[in-house]
file entry.pdb (PDB, C-alpha atoms, pLDDT in the B column)
ATOM      1  CA  HIS J   1      -3.249  34.925 -63.541  1.00 78.00           C
ATOM      2  CA  LYS J   2      -6.965  35.023 -64.278  1.00 84.00           C
ATOM      3  CA  ILE J   3      -7.571  32.523 -67.075  1.00 85.00           C
ATOM      4  CA  PRO J   4     -10.793  32.007 -69.054  1.00 82.00           C
ATOM      5  CA  GLN J   5     -12.156  28.476 -69.065  1.00 85.00           C
ATOM      6  CA  ILE J   6     -13.474  28.073 -72.582  1.00 84.00           C
ATOM      7  CA  ARG J   7     -15.341  24.783 -72.144  1.00 85.00           C
ATOM      8  CA  LYS J   8     -16.646  25.387 -68.627  1.00 79.00           C
ATOM      9  CA  GLY J   9     -17.255  29.113 -68.878  1.00 82.00           C
ATOM     10  CA  GLY J  10     -16.061  31.444 -66.153  1.00 85.00           C
ATOM     11  CA  TYR J  11     -12.483  31.748 -64.988  1.00 88.00           C
ATOM     12  CA  CYS J  12      -9.830  29.956 -62.975  1.00 90.00           C
ATOM     13  CA  ALA J  13      -6.731  31.416 -61.360  1.00 91.00           C
ATOM     14  CA  GLU J  14      -3.230  30.073 -61.789  1.00 89.00           C
ATOM     15  CA  ILE J  15      -0.302  30.536 -59.424  1.00 88.00           C
ATOM     16  CA  GLU J  16       2.919  30.724 -61.372  1.00 85.00           C
ATOM     17  CA  GLU J  17       6.410  30.377 -59.895  1.00 82.00           C
ATOM     18  CA  MET J  18       5.620  30.445 -56.170  1.00 81.00           C
ATOM     19  CA  TYR J  19       8.815  30.222 -54.131  1.00 82.00           C
ATOM     20  CA  ILE J  20       9.697  30.720 -50.472  1.00 82.00           C
ATOM     21  CA  GLU J  21      13.349  31.099 -49.436  1.00 85.00           C
ATOM     22  CA  PRO J  22      14.489  27.997 -47.519  1.00 83.00           C
ATOM     23  CA  LYS J  23      15.290  30.048 -44.398  1.00 86.00           C
ATOM     24  CA  SER J  24      11.691  31.359 -44.397  1.00 82.00           C
ATOM     25  CA  GLN J  25       9.929  28.060 -45.036  1.00 82.00           C
ATOM     26  CA  GLY J  26       7.663  26.966 -42.205  1.00 83.00           C
ATOM     27  CA  ALA J  27       7.171  30.529 -40.912  1.00 88.00           C
ATOM     28  CA  GLY J  28       3.669  31.020 -42.357  1.00 83.00           C
ATOM     29  CA  GLY J  29       4.593  33.150 -45.354  1.00 83.00           C
ATOM     30  CA  ALA J  30       3.475  30.594 -47.921  1.00 87.00           C
ATOM     31  CA  GLN J  31       0.128  30.145 -46.169  1.00 91.00           C
ATOM     32  CA  GLY J  32      -0.276  33.934 -46.140  1.00 91.00           C
ATOM     33  CA  LEU J  33       0.290  34.023 -49.900  1.00 90.00           C
ATOM     34  CA  ILE J  34      -2.204  31.229 -50.499  1.00 92.00           C
ATOM     35  CA  ASP J  35      -4.786  32.968 -48.290  1.00 94.00           C
ATOM     36  CA  ALA J  36      -4.312  36.231 -50.217  1.00 93.00           C
ATOM     37  CA  ILE J  37      -4.657  34.455 -53.569  1.00 91.00           C
ATOM     38  CA  VAL J  38      -7.808  32.612 -52.468  1.00 93.00           C
ATOM     39  CA  GLY J  39      -9.247  35.905 -51.184  1.00 95.00           C
ATOM     40  CA  TRP J  40      -8.482  37.586 -54.508  1.00 93.00           C
ATOM     41  CA  ALA J  41     -10.097  34.688 -56.385  1.00 93.00           C
ATOM     42  CA  ARG J  42     -13.271  34.967 -54.288  1.00 93.00           C
ATOM     43  CA  GLU J  43     -13.460  38.723 -54.912  1.00 94.00           C
ATOM     44  CA  HIS J  44     -13.292  38.048 -58.663  1.00 92.00           C
ATOM     45  CA  ALA J  45     -15.840  35.197 -58.691  1.00 89.00           C
ATOM     46  CA  ILE J  46     -13.166  32.617 -59.527  1.00 91.00           C
ATOM     47  CA  ASN J  47     -14.009  29.107 -58.343  1.00 88.00           C
ATOM     48  CA  THR J  48     -10.708  27.297 -58.952  1.00 90.00           C
ATOM     49  CA  VAL J  49      -7.063  28.068 -58.177  1.00 92.00           C
ATOM     50  CA  ARG J  50      -4.432  25.926 -59.894  1.00 91.00           C
ATOM     51  CA  LEU J  51      -0.683  25.596 -59.633  1.00 89.00           C
ATOM     52  CA  GLU J  52       2.016  23.360 -61.034  1.00 87.00           C
ATOM     53  CA  THR J  53       4.957  21.963 -59.118  1.00 87.00           C
ATOM     54  CA  SER J  54       7.929  19.756 -59.817  1.00 85.00           C
ATOM     55  CA  SER J  55       7.485  16.085 -58.994  1.00 86.00           C
ATOM     56  CA  GLU J  56      10.628  16.256 -56.802  1.00 88.00           C
ATOM     57  CA  LEU J  57       9.297  18.885 -54.361  1.00 86.00           C
ATOM     58  CA  LYS J  58       7.711  16.486 -51.860  1.00 88.00           C
ATOM     59  CA  ARG J  59       7.672  19.027 -49.008  1.00 86.00           C
ATOM     60  CA  ALA J  60       5.814  21.503 -51.218  1.00 88.00           C
ATOM     61  CA  HIS J  61       3.307  18.795 -52.180  1.00 90.00           C
ATOM     62  CA  GLY J  62       2.539  18.222 -48.512  1.00 90.00           C
ATOM     63  CA  PHE J  63       2.048  21.949 -47.975  1.00 90.00           C
ATOM     64  CA  TYR J  64      -0.283  22.289 -50.973  1.00 91.00           C
ATOM     65  CA  GLU J  65      -2.373  19.328 -49.839  1.00 93.00           C
ATOM     66  CA  LYS J  66      -2.569  20.725 -46.307  1.00 93.00           C
ATOM     67  CA  ALA J  67      -3.692  24.048 -47.838  1.00 93.00           C
ATOM     68  CA  GLY J  68      -6.586  22.225 -49.561  1.00 93.00           C
ATOM     69  CA  PHE J  69      -5.182  21.624 -53.043  1.00 92.00           C
ATOM     70  CA  LYS J  70      -5.805  18.244 -54.638  1.00 93.00           C
ATOM     71  CA  TYR J  71      -3.518  16.420 -57.045  1.00 90.00           C
ATOM     72  CA  TYR J  72      -4.914  16.868 -60.530  1.00 85.00           C
ATOM     73  CA  GLY J  73      -3.554  15.661 -63.822  1.00 79.00           C
ATOM     74  CA  ARG J  74      -0.211  16.071 -65.458  1.00 79.00           C
ATOM     75  CA  ALA J  75       1.413  18.997 -67.258  1.00 78.00           C
ATOM     76  CA  TYR J  76       3.638  18.984 -70.314  1.00 80.00           C
ATOM     77  CA  GLU J  77       5.482  21.806 -72.025  1.00 79.00           C
ATOM     78  CA  LYS J  78       7.530  22.197 -75.160  1.00 86.00           C
ATOM     79  CA  ASN J  79       9.981  25.004 -75.815  1.00 86.00           C
ATOM     80  CA  VAL J  80       9.697  26.341 -79.349  1.00 93.00           C
ATOM     81  CA  GLU J  81      12.731  28.572 -79.575  1.00 87.00           C
TER      82      GLU J  81
END
call {"tool": "encode", "arguments": {"input": "entry.pdb", "output": "structure tokens"}}
result
Amino acid sequence: HKIPQIRKGGYCAEIEEMYIEPKSQGAGGAQGLIDAIVGWAREHAINTVRLETSSELKRAHGFYEKAGFKYYGRAYEKNVE
């Protein structure tokens, strides 16, 4: 998603619901997706790409850090059904 940054001006991109089948993990598909997203962000003059992940997904955290993402903040959500 391309999201406006009200306070900073400009835009950031957000990856939502990224998932790689367990049998395909480690085969380079996730890195290919990240590379495509970063390329898209550059083409659209977006300086930041964000994503959220569960605190239990330690292997994913390692992948994201290796891909250049840095741990940032904390997310909360509330369902309002």
call {"tool": "resolve_selection", "arguments": {"input": "entry.pdb", "expression": "the PyMOL selection byres ((chain J and resi 30-47) around 8)", "output": "list in words"}}
result
Gly10, Tyr11, Cys12, Ala13, Ile20, Gln25, Gly26, Ala27, Gly28, Gly29, Thr48, Val49 and Ala67 of chain J
call {"tool": "closest_residue", "arguments": {"input": "entry.pdb", "among": "J:Lys8, J:Gly68, J:Lys23, J:Tyr76", "to": "Ser54 of chain J", "atoms": "only C-alpha atoms"}}
result
J:Tyr76
call {"tool": "resolve_selection", "arguments": {"input": "entry.pdb", "expression": "the PyMOL selection byres ((chain J and resi 75) around 12)", "output": "ChimeraX atom specification"}}
result
/J:50-55,71-74,76-78
call {"tool": "atom_distance", "arguments": {"input": "entry.pdb", "atom1": "atom CA of Glu81 of chain J", "atom2": "atom CA of Glu16 of chain J"}}
result
20.8 Å
call {"tool": "atom_distance", "arguments": {"input": "entry.pdb", "atom1": "atom CA of Phe69 of chain J", "atom2": "atom CA of Ile3 of chain J"}}
result
17.9 Å
call {"tool": "atom_distance", "arguments": {"input": "entry.pdb", "atom1": "atom CA of Lys58 of chain J", "atom2": "atom CA of Lys70 of chain J"}}
result
13.9 Å
call {"tool": "axis_aligned_box", "arguments": {"input": "entry.pdb", "around": "segment 68-73 of chain J", "padding_each_side": "5 Å", "output": "JSON"}}
result
{"center_x": -5.1, "center_y": 18.9, "center_z": -56.7, "size_x": 13.1, "size_y": 16.6, "size_z": 24.3}
